[in-house]
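Enquirer: This is the content of data.txt (compact mmCIF, C-alpha atoms and all ligand atoms):
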# COMPACT_ATOMS: atom_id res chain seq x y z
CA MET A 1 -9.29 -15.32 -18.68
CA PRO A 2 -12.33 -13.48 -20.09
CA LEU A 3 -12.63 -9.93 -18.82
CA PRO A 4 -15.90 -8.00 -18.55
CA ASP A 5 -16.79 -5.49 -21.24
CA GLU A 6 -14.57 -2.47 -20.89
CA PRO A 7 -16.48 0.03 -18.71
CA TYR A 8 -13.26 1.86 -17.89
CA GLU A 9 -12.53 2.76 -21.53
CA SER A 10 -15.35 5.34 -21.95
CA THR A 11 -14.75 9.09 -22.15
CA GLU A 12 -17.41 9.54 -19.46
CA LEU A 13 -15.44 7.43 -16.96
CA LEU A 14 -12.13 9.01 -18.00
CA ASN A 15 -13.58 12.43 -17.22
CA GLN A 16 -15.05 11.22 -13.90
CA TYR A 17 -11.74 9.67 -12.81
CA LEU A 18 -9.66 12.70 -13.85
CA LEU A 19 -11.93 14.81 -11.64
CA PHE A 20 -11.90 12.22 -8.82
CA HIS A 21 -8.09 12.03 -8.82
CA TYR A 22 -7.01 15.56 -9.80
CA GLY A 23 -9.98 17.86 -9.12
CA ALA A 24 -9.66 20.45 -6.37
CA GLU A 25 -12.33 20.69 -3.67
CA HIS A 26 -13.86 23.80 -5.29
CA GLN A 27 -14.15 21.91 -8.62
CA ILE A 28 -15.82 18.82 -7.15
CA LEU A 29 -18.02 20.67 -4.62
CA PRO A 30 -18.37 24.20 -6.04
CA PRO A 31 -18.62 26.96 -3.42
CA GLY A 32 -22.13 28.07 -2.62
CA GLY A 33 -23.61 24.58 -2.32
CA SER A 34 -24.45 23.54 1.23
CA TRP A 35 -22.48 20.31 0.93
CA PRO A 36 -22.78 17.96 3.92
CA ALA A 37 -19.52 17.57 5.88
CA GLY A 38 -19.45 13.87 4.98
CA MET A 39 -18.99 14.76 1.31
CA LYS A 40 -16.02 16.99 2.09
CA ASP A 41 -14.53 14.29 4.32
CA ALA A 42 -14.68 11.91 1.35
CA LEU A 43 -12.40 14.04 -0.87
CA GLY A 44 -8.73 13.15 -1.39
CA PHE A 45 -9.22 9.38 -1.29
CA THR A 46 -6.15 8.64 -3.45
CA GLN A 47 -3.91 10.61 -1.09
CA ARG A 48 -5.47 9.13 2.06
CA THR A 49 -5.02 5.47 1.05
CA VAL A 50 -1.34 6.03 0.19
CA ALA A 51 -0.88 7.78 3.56
CA ARG A 52 -1.82 4.46 5.21
CA PHE A 53 1.65 3.03 4.52
CA SER A 54 4.08 3.32 7.43
CA GLU A 55 6.29 6.42 7.37
CA GLY A 56 9.69 6.34 5.68
CA GLU A 57 11.41 6.26 2.32
CA VAL A 58 11.51 3.09 0.23
CA GLY A 59 12.99 1.96 -3.09
CA GLU A 60 10.45 0.17 -5.28
CA ALA A 61 6.67 0.43 -5.24
CA LEU A 62 3.73 -0.88 -7.27
CA ASP A 63 0.24 0.58 -7.69
CA LEU A 64 -2.21 -1.95 -9.13
CA GLY A 65 -5.44 -0.75 -10.71
CA CYS A 66 -4.01 2.78 -10.64
CA ALA A 67 -6.60 4.23 -13.08
CA VAL A 68 -5.44 7.71 -14.14
CA GLY A 69 -2.53 7.58 -11.73
CA ARG A 70 -2.97 9.98 -8.81
CA SER A 71 -2.11 7.39 -6.13
CA THR A 72 0.95 6.34 -8.17
CA PHE A 73 2.22 9.93 -8.15
CA GLU A 74 1.48 10.15 -4.41
CA MET A 75 3.50 6.98 -3.76
CA ALA A 76 6.46 8.60 -5.55
CA ARG A 77 6.74 11.17 -2.74
CA HIS A 78 8.27 8.39 -0.60
CA ALA A 79 9.47 5.78 -3.13
CA ARG A 80 12.35 6.14 -5.57
CA HIS A 81 10.51 4.25 -8.32
CA VAL A 82 6.82 3.46 -8.70
CA ILE A 83 5.06 1.47 -11.42
CA GLY A 84 1.34 2.07 -11.93
CA ILE A 85 -0.50 -0.72 -13.76
CA ASP A 86 -4.07 -0.65 -14.99
CA TYR A 87 -6.07 -2.68 -17.50
CA SER A 88 -7.66 0.39 -19.11
CA GLU A 89 -5.73 1.71 -22.11
CA SER A 90 -7.62 4.99 -21.85
CA PHE A 91 -6.70 5.50 -18.17
CA ILE A 92 -3.06 4.47 -18.65
CA GLY A 93 -2.80 6.70 -21.74
CA ALA A 94 -3.94 9.69 -19.68
CA ALA A 95 -1.59 8.82 -16.80
CA LYS A 96 1.37 8.55 -19.19
CA ARG A 97 0.60 11.90 -20.79
CA LEU A 98 0.49 13.54 -17.35
CA ARG A 99 3.80 11.87 -16.38
CA ASP A 100 5.30 13.22 -19.63
CA GLY A 101 4.42 16.76 -18.59
CA GLU A 102 1.16 17.38 -20.47
CA ILE A 103 -1.65 19.34 -18.92
CA LEU A 104 -4.76 17.32 -19.72
CA ASP A 105 -7.98 19.10 -20.67
CA TYR A 106 -11.09 17.26 -19.57
CA GLU A 107 -14.79 17.92 -19.10
CA ARG A 108 -16.76 17.96 -15.88
CA LEU A 109 -20.43 17.19 -16.53
CA ASP A 110 -22.68 19.62 -14.68
CA GLU A 111 -26.13 18.83 -16.10
CA GLY A 112 -27.69 17.94 -19.44
CA ARG A 113 -25.35 19.32 -22.12
CA HIS A 114 -23.66 21.75 -19.76
CA CYS A 115 -20.04 20.90 -19.00
CA ALA A 116 -17.10 22.80 -17.53
CA ARG A 117 -13.57 22.53 -18.96
CA LEU A 118 -10.92 21.63 -16.41
CA GLU A 119 -7.23 20.75 -16.45
CA ALA A 120 -5.31 17.93 -14.76
CA HIS A 121 -1.57 17.96 -14.09
CA VAL A 122 0.99 16.10 -11.98
CA PRO A 123 0.55 17.07 -8.32
CA THR A 124 2.96 19.69 -7.00
CA GLY A 125 6.14 18.37 -5.41
CA VAL A 126 6.17 15.00 -7.20
CA ASP A 127 9.12 14.01 -9.42
CA PRO A 128 7.54 12.40 -12.50
CA ASP A 129 10.86 10.72 -13.35
CA ARG A 130 10.20 8.37 -10.42
CA VAL A 131 6.96 7.13 -12.05
CA ALA A 132 6.18 4.71 -14.88
CA PHE A 133 2.80 3.52 -16.12
CA GLU A 134 2.02 0.27 -17.93
CA GLN A 135 -1.14 -1.27 -19.26
CA GLY A 136 -1.53 -4.73 -17.73
CA ASP A 137 -3.80 -7.30 -16.11
CA ALA A 138 -3.55 -7.62 -12.32
CA MET A 139 -4.67 -11.25 -12.65
CA ASP A 140 -1.89 -12.10 -15.09
CA LEU A 141 1.17 -10.10 -14.08
CA PRO A 142 4.56 -10.88 -15.64
CA PRO A 143 6.36 -13.55 -13.59
CA ASP A 144 9.47 -11.36 -13.26
CA LEU A 145 7.55 -8.37 -11.81
CA GLY A 146 8.75 -7.42 -8.30
CA PRO A 147 9.23 -7.92 -5.48
CA PHE A 148 8.42 -4.42 -4.17
CA ASP A 149 8.79 -2.58 -0.87
CA ARG A 150 5.21 -1.31 -1.16
CA VAL A 151 2.18 -2.56 -3.08
CA HIS A 152 -1.06 -0.57 -3.23
CA ALA A 153 -4.29 -1.85 -4.79
CA ALA A 154 -7.21 0.51 -4.22
CA ASN A 155 -10.74 -0.53 -5.09
CA LEU A 156 -9.51 -3.18 -7.50
CA LEU A 157 -10.38 -6.57 -5.95
CA CYS A 158 -14.14 -6.40 -6.47
CA ARG A 159 -13.63 -5.29 -10.08
CA LEU A 160 -11.68 -8.43 -11.04
CA SER A 161 -13.24 -11.45 -12.73
CA ASP A 162 -11.03 -13.77 -10.62
CA PRO A 163 -9.65 -11.91 -7.57
CA ARG A 164 -8.04 -15.10 -6.17
CA ARG A 165 -5.44 -14.89 -8.93
CA LEU A 166 -4.22 -11.55 -7.58
CA LEU A 167 -4.47 -12.62 -3.93
CA GLU A 168 -2.40 -15.73 -4.63
CA ARG A 169 0.22 -13.62 -6.41
CA LEU A 170 0.58 -11.00 -3.66
CA PRO A 171 3.14 -12.83 -1.45
CA SER A 172 5.62 -12.95 -4.35
CA LEU A 173 5.04 -9.26 -5.16
CA VAL A 174 5.98 -7.90 -1.71
CA LYS A 175 9.50 -8.10 -0.24
CA SER A 176 10.04 -9.55 3.25
CA GLY A 177 9.13 -6.71 5.63
CA GLY A 178 7.44 -4.79 2.80
CA GLU A 179 3.89 -3.42 3.05
CA LEU A 180 0.64 -3.97 1.20
CA VAL A 181 -2.36 -1.61 1.26
CA LEU A 182 -5.59 -3.13 -0.04
CA THR A 183 -8.80 -1.16 -0.17
CA THR A 184 -12.20 -2.37 -1.26
CA PRO A 185 -15.75 -1.08 -0.95
CA CYS A 186 -16.79 -4.78 -1.14
CA THR A 187 -19.30 -3.91 -3.90
CA TRP A 188 -19.40 -7.37 -5.43
CA LEU A 189 -21.27 -7.29 -8.75
CA GLU A 190 -21.87 -10.07 -11.26
CA GLU A 191 -21.02 -7.71 -14.12
CA PHE A 192 -17.40 -7.83 -12.89
CA THR A 193 -17.04 -11.02 -10.82
CA PRO A 194 -19.03 -14.25 -11.25
CA ARG A 195 -21.01 -14.91 -8.08
CA ASP A 196 -19.17 -18.16 -7.33
CA ARG A 197 -15.93 -16.13 -6.98
CA TRP A 198 -17.34 -13.71 -4.39
CA PRO A 199 -16.28 -14.22 -0.77
CA GLN A 200 -18.56 -16.73 0.93
CA GLY A 201 -18.67 -14.71 4.16
CA SER A 202 -17.21 -11.29 4.95
CA THR A 203 -14.61 -9.86 2.61
CA PHE A 204 -12.33 -9.21 5.60
CA GLU A 205 -12.35 -12.87 6.69
CA TRP A 206 -11.82 -13.92 3.08
CA LEU A 207 -8.76 -11.63 2.81
CA GLN A 208 -7.41 -13.03 6.06
CA SER A 209 -7.78 -16.57 4.77
CA PHE A 210 -5.56 -15.74 1.79
CA LEU A 211 -3.04 -13.44 3.42
CA THR A 212 -2.43 -14.45 7.05
CA ASP A 213 0.22 -17.10 6.31
CA ASP A 214 2.44 -14.58 4.52
CA PHE A 215 1.37 -11.22 5.98
CA GLU A 216 0.79 -9.69 9.39
CA LEU A 217 -2.24 -7.37 9.58
CA LEU A 218 -1.01 -3.96 10.78
CA ARG A 219 -4.15 -1.83 10.55
CA GLN A 220 -7.75 -1.91 9.39
CA CYS A 221 -9.94 1.15 8.90
CA GLU A 222 -12.54 2.75 6.63
CA GLU A 223 -11.88 5.50 4.08
CA PRO A 224 -14.81 7.22 2.37
CA PHE A 225 -14.62 8.37 -1.24
CA LEU A 226 -16.71 10.59 -3.47
CA ILE A 227 -17.06 10.28 -7.23
CA ARG A 228 -18.96 13.11 -8.86
CA GLU A 229 -21.18 12.06 -11.78
CA SER A 230 -22.83 15.47 -12.25
CA ALA A 231 -23.53 18.63 -10.24
CA ARG A 232 -26.12 16.92 -8.07
CA LYS A 233 -25.30 13.23 -8.43
CA PHE A 234 -22.42 11.65 -6.54
CA GLN A 235 -21.30 8.20 -5.52
CA TRP A 236 -20.45 8.33 -1.82
CA SER A 237 -18.90 5.05 -0.72
CA SER A 238 -16.68 3.68 2.00
CA SER A 239 -13.73 1.39 1.41
CA MET A 240 -12.40 -1.12 3.89
CA VAL A 241 -8.65 -0.48 4.12
CA THR A 242 -6.31 -3.20 5.33
CA VAL A 243 -2.56 -2.68 5.76
CA TRP A 244 -0.34 -5.77 5.82
CA ARG A 245 3.38 -6.41 6.41
CA ARG A 246 5.05 -9.32 4.61
CA ARG A 247 6.39 -11.71 7.22
CA VAL A 248 10.17 -11.99 7.41
CA ARG A 249 11.16 -15.62 6.86
C1 LIG A 301 -12.92 1.19 -9.16
S1 LIG A 301 -11.54 1.64 -10.14
C2 LIG A 301 -10.34 2.12 -8.91
C3 LIG A 301 -9.24 2.96 -9.49
C4 LIG A 301 -8.26 3.61 -8.50
N1 LIG A 301 -7.42 2.65 -7.82
C5 LIG A 301 -8.98 4.45 -7.51
O1 LIG A 301 -9.02 4.10 -6.33
O2 LIG A 301 -9.53 5.48 -7.92
C6 LIG A 301 -10.95 0.05 -10.67
C7 LIG A 301 -9.73 0.12 -11.56
O3 LIG A 301 -9.25 -1.20 -11.82
C8 LIG A 301 -8.90 -1.31 -13.16
N2 LIG A 301 -8.95 -2.73 -13.51
C9 LIG A 301 -10.05 -3.50 -13.69
N3 LIG A 301 -9.68 -4.77 -14.00
C10 LIG A 301 -8.32 -4.79 -13.99
C11 LIG A 301 -7.34 -5.79 -14.21
N4 LIG A 301 -7.68 -7.05 -14.54
N5 LIG A 301 -6.04 -5.45 -14.11
C12 LIG A 301 -5.66 -4.18 -13.80
N6 LIG A 301 -6.55 -3.19 -13.59
C13 LIG A 301 -7.86 -3.48 -13.66
C14 LIG A 301 -9.90 -0.44 -13.89
O4 LIG A 301 -9.45 -0.10 -15.18
C15 LIG A 301 -10.01 0.74 -12.94
O5 LIG A 301 -9.04 1.70 -13.22
Go through the file and emit its structure as structure tokens.
Ligand SMILES: C[S@@+](CC[C@H](N)C(=O)[O-])C[C@H]1O[C@@H](n2cnc3c(N)ncnc32)[C@H](O)[C@@H]1O
Expert:
Amino acid sequence: MPLPDEPYESTELLNQYLLFHYGAEHQILPPGGSWPAGMKDALGFTQRTVARFSEGEVGEALDLGCAVGRSTFEMARHARHVIGIDYSESFIGAAKRLRDGEILDYERLDEGRHCARLEAHVPTGVDPDRVAFEQGDAMDLPPDLGPFDRVHAANLLCRLSDPRRLLERLPSLVKSGGELVLTTPCTWLEEFTPRDRWPQGSTFEWLQSFLTDDFELLRQCEEPFLIRESARKFQWSSSMVTVWRRRVR
């Protein structure tokens, strides 16, 4: 399956995602700026989507399209073992180095040639021994992968060249009674997904058409997120979050 050129391999995106996942509020929105409340509300996306799972401790969990790994570490607070998988070697390399105890230096672009040096590390209170990262393709996962108690795939679907391949694989990835959290800003773009593979109608109805036979919809909501490109340029977006429970047969 041909994949798009590799936008997620650049140093620029690695820096942006390290800040998005590991940056503190004062690093993303430095004090002194009169930041609108909506920007502050959009911080902490990776923690908020993981918090959408039902409460409780589970055994095995999977984070697909994990990027530099913050949501994978967050899942490990309530799962004994979590695998984070992403197609980007650069992102997975950074996630593995963090898991192995490194403090990662990265640059935050402020403007022009002016950058600030920041550090990323595993979030406090997370046991890195519960976490593993692997480079892999969410559309071509190993047949023996899973099933899991929890599967999380944040903002991945509309970045896949053939999202049906993942949607068709999901029932065999989640245990009976297990949960699935899917989030998507529904930003369908031809640079990632050929137009004939976009949903014909709403993304929500399209998800239902794939998932309803095997999953019960538990919750649907919106979660905003903020990706800082530079001191005065941000992507503010909203993701549709759906939480599903695998039907018990
Ligand atoms: C928009 S980012 C979202 C990352 C992260 N889940 C988050 O919410 O910040 C999309 C991620 O999907 C990854 N990705 C794209 N195609 C993939 C594929 N075929 N298999 C696995 N990961 C993929 C990219 O490398 C990138 O990390």
Enquirer: Please identify all protein, DNA and RNA residues within 6 Å of ligand LIG 301 (chain A), counting all atoms listed in the file, and report them as JSON, numbers by chain.
Expert: {"A": [8, 65, 66, 67, 86, 87, 88, 136, 137, 138, 139, 154, 155, 156, 159, 160]}
Enquirer: By how many Å are CA of Leu173 in chain A and CA of Phe148 in chain A apart?
Expert: 6.0 Å
Enquirer: Go through A:Ser161, A:Gln135, A:Ser34, A:Thr49 and flag the residue nearest Thr184 in chain A, using all atoms listed in the file for the distances.
Expert: A:Thr49
Enquirer: Just the number, please: distance in Å from CA of Phe133 in chain A to CA of Ile83 in chain A, one decimal.
Expert: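 Between these atoms lies a distance of 5.6 Å.
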Enquirer: For a quick check of understanding, using only C-alpha atoms, which of A:Leu104, A:Leu64, A:Val58, A:Ala120 has the smallest distance to His78 in chain A?
Expert: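 Answer, going by the shortest atom-to-atom distance: A:Val58.
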Enquirer: From the set A:Phe91, A:Ala61, A:Val50, A:Thr242, which residue has the shortest atom-to-atom contact distance to Thr203 in chain A, counting only C-alpha atoms?
Expert: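 Ranking A:Phe91, A:Ala61, A:Val50, A:Thr242 by distance to Thr203 in chain A, first place goes to A:Thr242.
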Enquirer: Mind rebuilding range 28-63 of chain A with N, CA and C atoms and writing that out as a PDB file, in the coordinates of the input?
Expert:
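Writing the result to out_15.pdb gives the following:
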ATOM      1  N   ILE A  28     -14.942  19.976  -7.375  1.00  0.00           N
ATOM      2  CA  ILE A  28     -15.820  18.820  -7.150  1.00  0.00           C
ATOM      3  C   ILE A  28     -17.086  19.269  -6.406  1.00  0.00           C
ATOM      4  N   LEU A  29     -16.890  20.151  -5.422  1.00  0.00           N
ATOM      5  CA  LEU A  29     -18.020  20.670  -4.620  1.00  0.00           C
ATOM      6  C   LEU A  29     -17.993  22.192  -4.734  1.00  0.00           C
ATOM      7  N   PRO A  30     -18.496  22.750  -5.846  1.00  0.00           N
ATOM      8  CA  PRO A  30     -18.370  24.200  -6.040  1.00  0.00           C
ATOM      9  C   PRO A  30     -18.909  25.014  -4.873  1.00  0.00           C
ATOM     10  N   PRO A  31     -18.199  26.111  -4.545  1.00  0.00           N
ATOM     11  CA  PRO A  31     -18.620  26.960  -3.420  1.00  0.00           C
ATOM     12  C   PRO A  31     -20.054  27.446  -3.623  1.00  0.00           C
ATOM     13  N   GLY A  32     -20.754  27.604  -2.527  1.00  0.00           N
ATOM     14  CA  GLY A  32     -22.130  28.070  -2.620  1.00  0.00           C
ATOM     15  C   GLY A  32     -23.114  26.955  -2.342  1.00  0.00           C
ATOM     16  N   GLY A  33     -22.737  25.707  -2.649  1.00  0.00           N
ATOM     17  CA  GLY A  33     -23.610  24.580  -2.320  1.00  0.00           C
ATOM     18  C   GLY A  33     -23.469  24.288  -0.832  1.00  0.00           C
ATOM     19  N   SER A  34     -24.570  23.867  -0.204  1.00  0.00           N
ATOM     20  CA  SER A  34     -24.450  23.540   1.230  1.00  0.00           C
ATOM     21  C   SER A  34     -24.138  22.046   1.331  1.00  0.00           C
ATOM     22  N   TRP A  35     -22.884  21.710   0.996  1.00  0.00           N
ATOM     23  CA  TRP A  35     -22.480  20.310   0.930  1.00  0.00           C
ATOM     24  C   TRP A  35     -22.347  19.731   2.331  1.00  0.00           C
ATOM     25  N   PRO A  36     -22.939  18.577   2.594  1.00  0.00           N
ATOM     26  CA  PRO A  36     -22.780  17.960   3.920  1.00  0.00           C
ATOM     27  C   PRO A  36     -21.302  17.687   4.210  1.00  0.00           C
ATOM     28  N   ALA A  37     -20.922  17.769   5.490  1.00  0.00           N
ATOM     29  CA  ALA A  37     -19.520  17.570   5.880  1.00  0.00           C
ATOM     30  C   ALA A  37     -19.008  16.214   5.405  1.00  0.00           C
ATOM     31  N   GLY A  38     -19.890  15.212   5.390  1.00  0.00           N
ATOM     32  CA  GLY A  38     -19.450  13.870   4.980  1.00  0.00           C
ATOM     33  C   GLY A  38     -18.948  13.840   3.550  1.00  0.00           C
ATOM     34  N   MET A  39     -19.481  14.717   2.695  1.00  0.00           N
ATOM     35  CA  MET A  39     -18.990  14.760   1.310  1.00  0.00           C
ATOM     36  C   MET A  39     -17.590  15.337   1.271  1.00  0.00           C
ATOM     37  N   LYS A  40     -17.376  16.387   2.054  1.00  0.00           N
ATOM     38  CA  LYS A  40     -16.020  16.990   2.090  1.00  0.00           C
ATOM     39  C   LYS A  40     -15.008  15.996   2.659  1.00  0.00           C
ATOM     40  N   ASP A  41     -15.440  15.257   3.694  1.00  0.00           N
ATOM     41  CA  ASP A  41     -14.530  14.290   4.320  1.00  0.00           C
ATOM     42  C   ASP A  41     -14.133  13.186   3.334  1.00  0.00           C
ATOM     43  N   ALA A  42     -14.942  13.000   2.286  1.00  0.00           N
ATOM     44  CA  ALA A  42     -14.680  11.910   1.350  1.00  0.00           C
ATOM     45  C   ALA A  42     -13.753  12.327   0.203  1.00  0.00           C
ATOM     46  N   LEU A  43     -13.333  13.591   0.184  1.00  0.00           N
ATOM     47  CA  LEU A  43     -12.400  14.040  -0.870  1.00  0.00           C
ATOM     48  C   LEU A  43     -10.984  13.527  -0.575  1.00  0.00           C
ATOM     49  N   GLY A  44     -10.147  13.489  -1.601  1.00  0.00           N
ATOM     50  CA  GLY A  44      -8.730  13.150  -1.390  1.00  0.00           C
ATOM     51  C   GLY A  44      -8.480  11.686  -1.088  1.00  0.00           C
ATOM     52  N   PHE A  45      -9.354  10.823  -1.572  1.00  0.00           N
ATOM     53  CA  PHE A  45      -9.220   9.380  -1.290  1.00  0.00           C
ATOM     54  C   PHE A  45      -7.857   8.836  -1.723  1.00  0.00           C
ATOM     55  N   THR A  46      -7.399   9.218  -2.921  1.00  0.00           N
ATOM     56  CA  THR A  46      -6.150   8.640  -3.450  1.00  0.00           C
ATOM     57  C   THR A  46      -4.946   9.040  -2.597  1.00  0.00           C
ATOM     58  N   GLN A  47      -5.004  10.204  -1.981  1.00  0.00           N
ATOM     59  CA  GLN A  47      -3.910  10.610  -1.090  1.00  0.00           C
ATOM     60  C   GLN A  47      -4.036   9.881   0.253  1.00  0.00           C
ATOM     61  N   ARG A  48      -5.286   9.723   0.731  1.00  0.00           N
ATOM     62  CA  ARG A  48      -5.470   9.130   2.060  1.00  0.00           C
ATOM     63  C   ARG A  48      -5.093   7.653   2.089  1.00  0.00           C
ATOM     64  N   THR A  49      -5.367   6.905   1.010  1.00  0.00           N
ATOM     65  CA  THR A  49      -5.020   5.470   1.050  1.00  0.00           C
ATOM     66  C   THR A  49      -3.509   5.289   1.013  1.00  0.00           C
ATOM     67  N   VAL A  50      -2.806   6.127   0.242  1.00  0.00           N
ATOM     68  CA  VAL A  50      -1.340   6.030   0.190  1.00  0.00           C
ATOM     69  C   VAL A  50      -0.742   6.415   1.548  1.00  0.00           C
ATOM     70  N   ALA A  51      -1.382   7.352   2.236  1.00  0.00           N
ATOM     71  CA  ALA A  51      -0.880   7.780   3.560  1.00  0.00           C
ATOM     72  C   ALA A  51      -1.004   6.667   4.601  1.00  0.00           C
ATOM     73  N   ARG A  52      -1.677   5.580   4.274  1.00  0.00           N
ATOM     74  CA  ARG A  52      -1.820   4.460   5.210  1.00  0.00           C
ATOM     75  C   ARG A  52      -0.576   3.588   5.306  1.00  0.00           C
ATOM     76  N   PHE A  53       0.383   3.733   4.359  1.00  0.00           N
ATOM     77  CA  PHE A  53       1.650   3.030   4.520  1.00  0.00           C
ATOM     78  C   PHE A  53       2.377   3.602   5.730  1.00  0.00           C
ATOM     79  N   SER A  54       3.259   2.803   6.340  1.00  0.00           N
ATOM     80  CA  SER A  54       4.080   3.320   7.430  1.00  0.00           C
ATOM     81  C   SER A  54       4.967   4.441   6.898  1.00  0.00           C
ATOM     82  N   GLU A  55       5.423   5.309   7.804  1.00  0.00           N
ATOM     83  CA  GLU A  55       6.290   6.420   7.370  1.00  0.00           C
ATOM     84  C   GLU A  55       7.638   5.899   6.911  1.00  0.00           C
ATOM     85  N   GLY A  56       8.327   6.689   6.098  1.00  0.00           N
ATOM     86  CA  GLY A  56       9.690   6.340   5.680  1.00  0.00           C
ATOM     87  C   GLY A  56       9.829   6.294   4.176  1.00  0.00           C
ATOM     88  N   GLU A  57      11.092   6.277   3.748  1.00  0.00           N
ATOM     89  CA  GLU A  57      11.410   6.260   2.320  1.00  0.00           C
ATOM     90  C   GLU A  57      11.702   4.820   1.906  1.00  0.00           C
ATOM     91  N   VAL A  58      11.240   4.439   0.724  1.00  0.00           N
ATOM     92  CA  VAL A  58      11.510   3.090   0.230  1.00  0.00           C
ATOM     93  C   VAL A  58      12.035   3.172  -1.208  1.00  0.00           C
ATOM     94  N   GLY A  59      12.435   2.007  -1.736  1.00  0.00           N
ATOM     95  CA  GLY A  59      12.990   1.960  -3.090  1.00  0.00           C
ATOM     96  C   GLY A  59      11.925   1.752  -4.155  1.00  0.00           C
ATOM     97  N   GLU A  60      11.325   0.575  -4.165  1.00  0.00           N
ATOM     98  CA  GLU A  60      10.450   0.170  -5.280  1.00  0.00           C
ATOM     99  C   GLU A  60       9.003   0.029  -4.807  1.00  0.00           C
ATOM    100  N   ALA A  61       8.085   0.525  -5.616  1.00  0.00           N
ATOM    101  CA  ALA A  61       6.670   0.430  -5.240  1.00  0.00           C
ATOM    102  C   ALA A  61       5.812   0.127  -6.463  1.00  0.00           C
ATOM    103  N   LEU A  62       4.654  -0.461  -6.202  1.00  0.00           N
ATOM    104  CA  LEU A  62       3.730  -0.880  -7.270  1.00  0.00           C
ATOM    105  C   LEU A  62       2.327  -0.422  -6.898  1.00  0.00           C
ATOM    106  N   ASP A  63       1.623   0.152  -7.887  1.00  0.00           N
ATOM    107  CA  ASP A  63       0.240   0.580  -7.690  1.00  0.00           C
ATOM    108  C   ASP A  63      -0.625  -0.154  -8.704  1.00  0.00           C
TER     109      ASP A  63
END
